[in-house]
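Notes to accompany the following structure.
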Amino acid sequence: MDTLSRLIDLARPQGSLDLRCLLKGGFDIDHAPLEAGIAPFHLVLDGTCVVETTEGTQVPLRAGDFMLFPRGAAHRIRDAQRSTHGASLTLGHDGMLPVRRNSVDADPAAANSADVDLLCGRFIYAPGSSALLLNALPDPFHVSLGSSHTLDALQTVIALMRTESERRLPGALAIVTALSHALFAMALRVYGEQNAAASGVLALLADPRLGASVQGMLSAPEHPWTIAELGDLAAMSRATYARHFGERAGMTVMDFLTRIRMTIACDLLRRTQRSSAEIGEAVGYQSEAAFGKAFQQSIGVTPGRYRRQPQDTNGDDEAGSVN
């Protein structure tokens, strides 16, 4: 399994689609902040709009743009002209998803008459095992998928999502939800490639040599890694590797290794019945006490308490209250 796929597997985001927005003319839709562990996203299938953050930053979105709020931040979605007035919003259903509209068009599936066609959903994730990937993302996380070098593949996926949304045949919702996971993976990959000069785990993966050392840590977290050994995997001297890694990761090599070990430990605590001592050994700690101390310092609770916490964040809010 490649490194990005492994990180997504550890994060285990549970994706769901909440609704489809078919909007025309002026609109201004407020999105309240969500609790920890819920990351709302928007995918523009057609048209243009503007997302405004609580800090006042305005981000234009167009067809193929994907925006995720990893920490559930409040935001607004407005028409591209920032109109001060717009028709009242209504919420209906097209047989597959709730549909929000602000026009009086009688056909709720008449996407061709809308200025903006937007899919809105969320990823729900557990703390701990998701931290290495989701917590490291900027908020908001914005990727223009339509301008990437994988444009043909992305256009195919987005076109399929739109077709399934419009035709609403049996299994359509399952297909569109699965495709939203695929788009998330594509967005992560494209972001890393487009922002290689930035810091963070995606910038690491975009660097072939540094990415090889991250793969080594993920593949063998129990190994007593040294900076020299990891530098060898990256084909760099110890000093050069440590410097380049720190610039890309925004933290030291050993701090990053600890985060990988804690991420894997969280995953094992959630998914297996292995004891804390066994899990500690599996991620490189020689004693249960040493593992417990490191885990509490990193995650904020003991391994036992983490295991007893509810595994799923409540994501059952009605779609209208979320988007």
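The chains in the structure tokens are called A, B, ... from first to last as shown; in each chain the residues are counted from 1, and the ligands are counted from 1 in the order shown.
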Residues of range 64-132 of chain A within 9 Å of range 264-281 of chain A: nearest atom pair and distance (Å, one decimal) for each, counting only C-alpha atoms, sorted by chain and number, as JSON lines?
{"residue": "A:Pro127", "atom": "CA", "partner": "A:Cys266", "partner_atom": "CA", "distance": 8.5}
{"residue": "A:Gly128", "atom": "CA", "partner": "A:Cys266", "partner_atom": "CA", "distance": 5.7}
{"residue": "A:Ser129", "atom": "CA", "partner": "A:Cys266", "partner_atom": "CA", "distance": 5.1}
{"residue": "A:Ser130", "atom": "CA", "partner": "A:Asp267", "partner_atom": "CA", "distance": 8.8}
Open item on the list: Just want the 9 Å neighbourhood of range 55-67 of chain A, counted on only C-alpha atoms, with same-chain residues fewer than 3 positions away dropped. Output as a PyMOL selection string.
Closed with: chain A and resi 40-52+80+116-118+140-147+154-155+158+183-184+187
Using C-alpha atoms, can you export the residues from the last selection as a short mmCIF file (atom, residue, chain, number, x, y, z; two decimals), in the first residue's frame?
data_model
loop_
_atom_site.label_atom_id
_atom_site.label_comp_id
_atom_site.auth_asym_id
_atom_site.auth_seq_id
_atom_site.Cartn_x
_atom_site.Cartn_y
_atom_site.Cartn_z
CA PRO A 40 -17.88 19.35 5.92
CA PHE A 41 -16.98 19.58 2.26
CA HIS A 42 -18.32 21.13 -0.92
CA LEU A 43 -17.72 20.04 -4.51
CA VAL A 44 -18.71 22.36 -7.34
CA LEU A 45 -20.15 20.30 -10.18
CA ASP A 46 -21.00 23.33 -12.32
CA GLY A 47 -21.01 27.10 -12.10
CA THR A 48 -19.19 29.46 -9.75
CA CYS A 49 -19.66 30.67 -6.18
CA VAL A 50 -17.68 32.21 -3.32
CA VAL A 51 -16.88 30.74 0.09
CA GLU A 52 -16.35 33.29 2.86
CA ALA A 80 -20.14 35.07 -7.31
CA VAL A 116 -24.51 26.67 -9.43
CA ASP A 117 -24.65 22.90 -8.92
CA LEU A 118 -23.04 21.98 -5.61
CA PRO A 140 -10.14 25.47 4.73
CA PHE A 141 -8.51 22.88 2.49
CA HIS A 142 -9.09 24.04 -1.09
CA VAL A 143 -8.00 22.25 -4.25
CA SER A 144 -8.84 23.20 -7.84
CA LEU A 145 -9.15 19.72 -9.26
CA GLY A 146 -10.18 20.93 -12.68
CA SER A 147 -6.76 22.48 -13.32
CA LEU A 154 -11.16 14.13 -12.62
CA GLN A 155 -13.61 15.33 -15.23
CA ILE A 158 -17.15 14.54 -11.63
CA LEU A 183 -12.10 12.73 -5.05
CA PHE A 184 -10.82 13.27 -1.52
CA ALA A 187 -7.49 16.24 -3.76
#
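Across A:Ile29, A:Ala294, A:Ile124, A:Leu233, the tightest approach to Asp79 in chain A is made by A:Ile29 when counting only C-alpha atoms.
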Open item on the list: Residues within 9 Å of range 83-85 of chain A, please, as a ChimeraX atom specification. Count only C-alpha atoms; anything in the same chain fewer than 4 positions from it doesn't count.
Closed with: /A:25-28,78-79
Task: Non-local contacts of Ala73 in chain A (10 Å; only C-alpha atoms; under 5 positions in same chain excluded) as a PyMOL selection string - done: chain A and resi 31-36+38-40+53-54+68+139-140
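Nearest residue to Trp225 in chain A among A:His93, A:Arg261, A:Lys293, A:His244 is A:Arg261, counting only C-alpha atoms.
Distances here use only C-alpha atoms; by that measure, the residue among A:Leu188, A:Met236, A:Ala126, A:Ile260 closest to Tyr306 in chain A is A:Ala126.
In this structure, CA of Gly192 in chain A sits 14.5 Å away from CA of Leu132 in chain A.
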Task: Test item: residues at most 8 Å from Arg248 in chain A, only C-alpha atoms, excluding those fewer than 6 positions along its chain, as a ChimeraX atom specification - done: /A:197-201,203-204
What does the file look like for those residues with C-alpha atoms, as a PDB file, in the first residue's frame?
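Final output, saved to again-v7.pdb:
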ATOM      1  CA  ALA A 197       7.148  24.090  -1.022  1.00  0.00           C
ATOM      2  CA  ALA A 198       4.745  24.141   1.928  1.00  0.00           C
ATOM      3  CA  SER A 199       5.237  22.155   5.117  1.00  0.00           C
ATOM      4  CA  GLY A 200       3.241  19.164   6.294  1.00  0.00           C
ATOM      5  CA  VAL A 201       2.744  15.501   5.613  1.00  0.00           C
ATOM      6  CA  ALA A 203       4.572  18.061   1.181  1.00  0.00           C
ATOM      7  CA  LEU A 204       6.686  15.199   2.534  1.00  0.00           C
TER       8      LEU A 204
END
TODO: Could you find all residues in range 11-120 of chain A that DSSP calls strand (DSSP E or B) from the backbone, and write them as a count of residues only?
DONE: 56
Open item on the list: At a cut-off of 12 Å, using only C-alpha atoms, what residues contact Gly216 in chain A? Leave out same-chain residues fewer than 3 positions from it and give the result as a PyMOL selection string.
Closed with: chain A and resi 1-3+6+209-213+219-227+229-234+257+260
Restricting it to C-alpha atoms, dump the selection as a CSV table (one decimal), in the first residue's frame.
chain,number,residue,atom,x,y,z
A,1,MET,CA,0.0,0.0,0.0
A,2,ASP,CA,1.4,3.4,-1.0
A,3,THR,CA,2.0,6.0,1.8
A,6,ARG,CA,-2.0,4.1,4.2
A,209,ARG,CA,13.3,11.0,-1.3
A,210,LEU,CA,11.7,12.1,1.9
A,211,GLY,CA,8.5,10.2,1.0
A,212,ALA,CA,10.6,7.0,1.0
A,213,SER,CA,11.6,7.5,4.6
A,219,SER,CA,5.9,0.1,7.3
A,220,ALA,CA,8.0,-0.7,10.4
A,221,PRO,CA,7.0,1.6,13.3
A,222,GLU,CA,8.4,-0.9,15.7
A,223,HIS,CA,11.9,-0.5,14.3
A,224,PRO,CA,14.3,1.7,16.5
A,225,TRP,CA,14.8,4.1,13.7
A,226,THR,CA,17.8,6.5,13.8
A,227,ILE,CA,18.0,9.7,11.7
A,229,GLU,CA,19.0,5.1,8.9
A,230,LEU,CA,16.1,7.2,7.6
A,231,GLY,CA,18.6,9.4,5.8
A,232,ASP,CA,19.9,6.3,4.0
A,233,LEU,CA,16.3,5.6,2.8
A,234,ALA,CA,16.2,9.1,1.5
A,257,LEU,CA,8.1,9.4,14.0
A,260,ILE,CA,3.2,8.0,13.2
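Straight-line separation from CA of Ser298 in chain A to CA of Gly72 in chain A: 21.9 Å.
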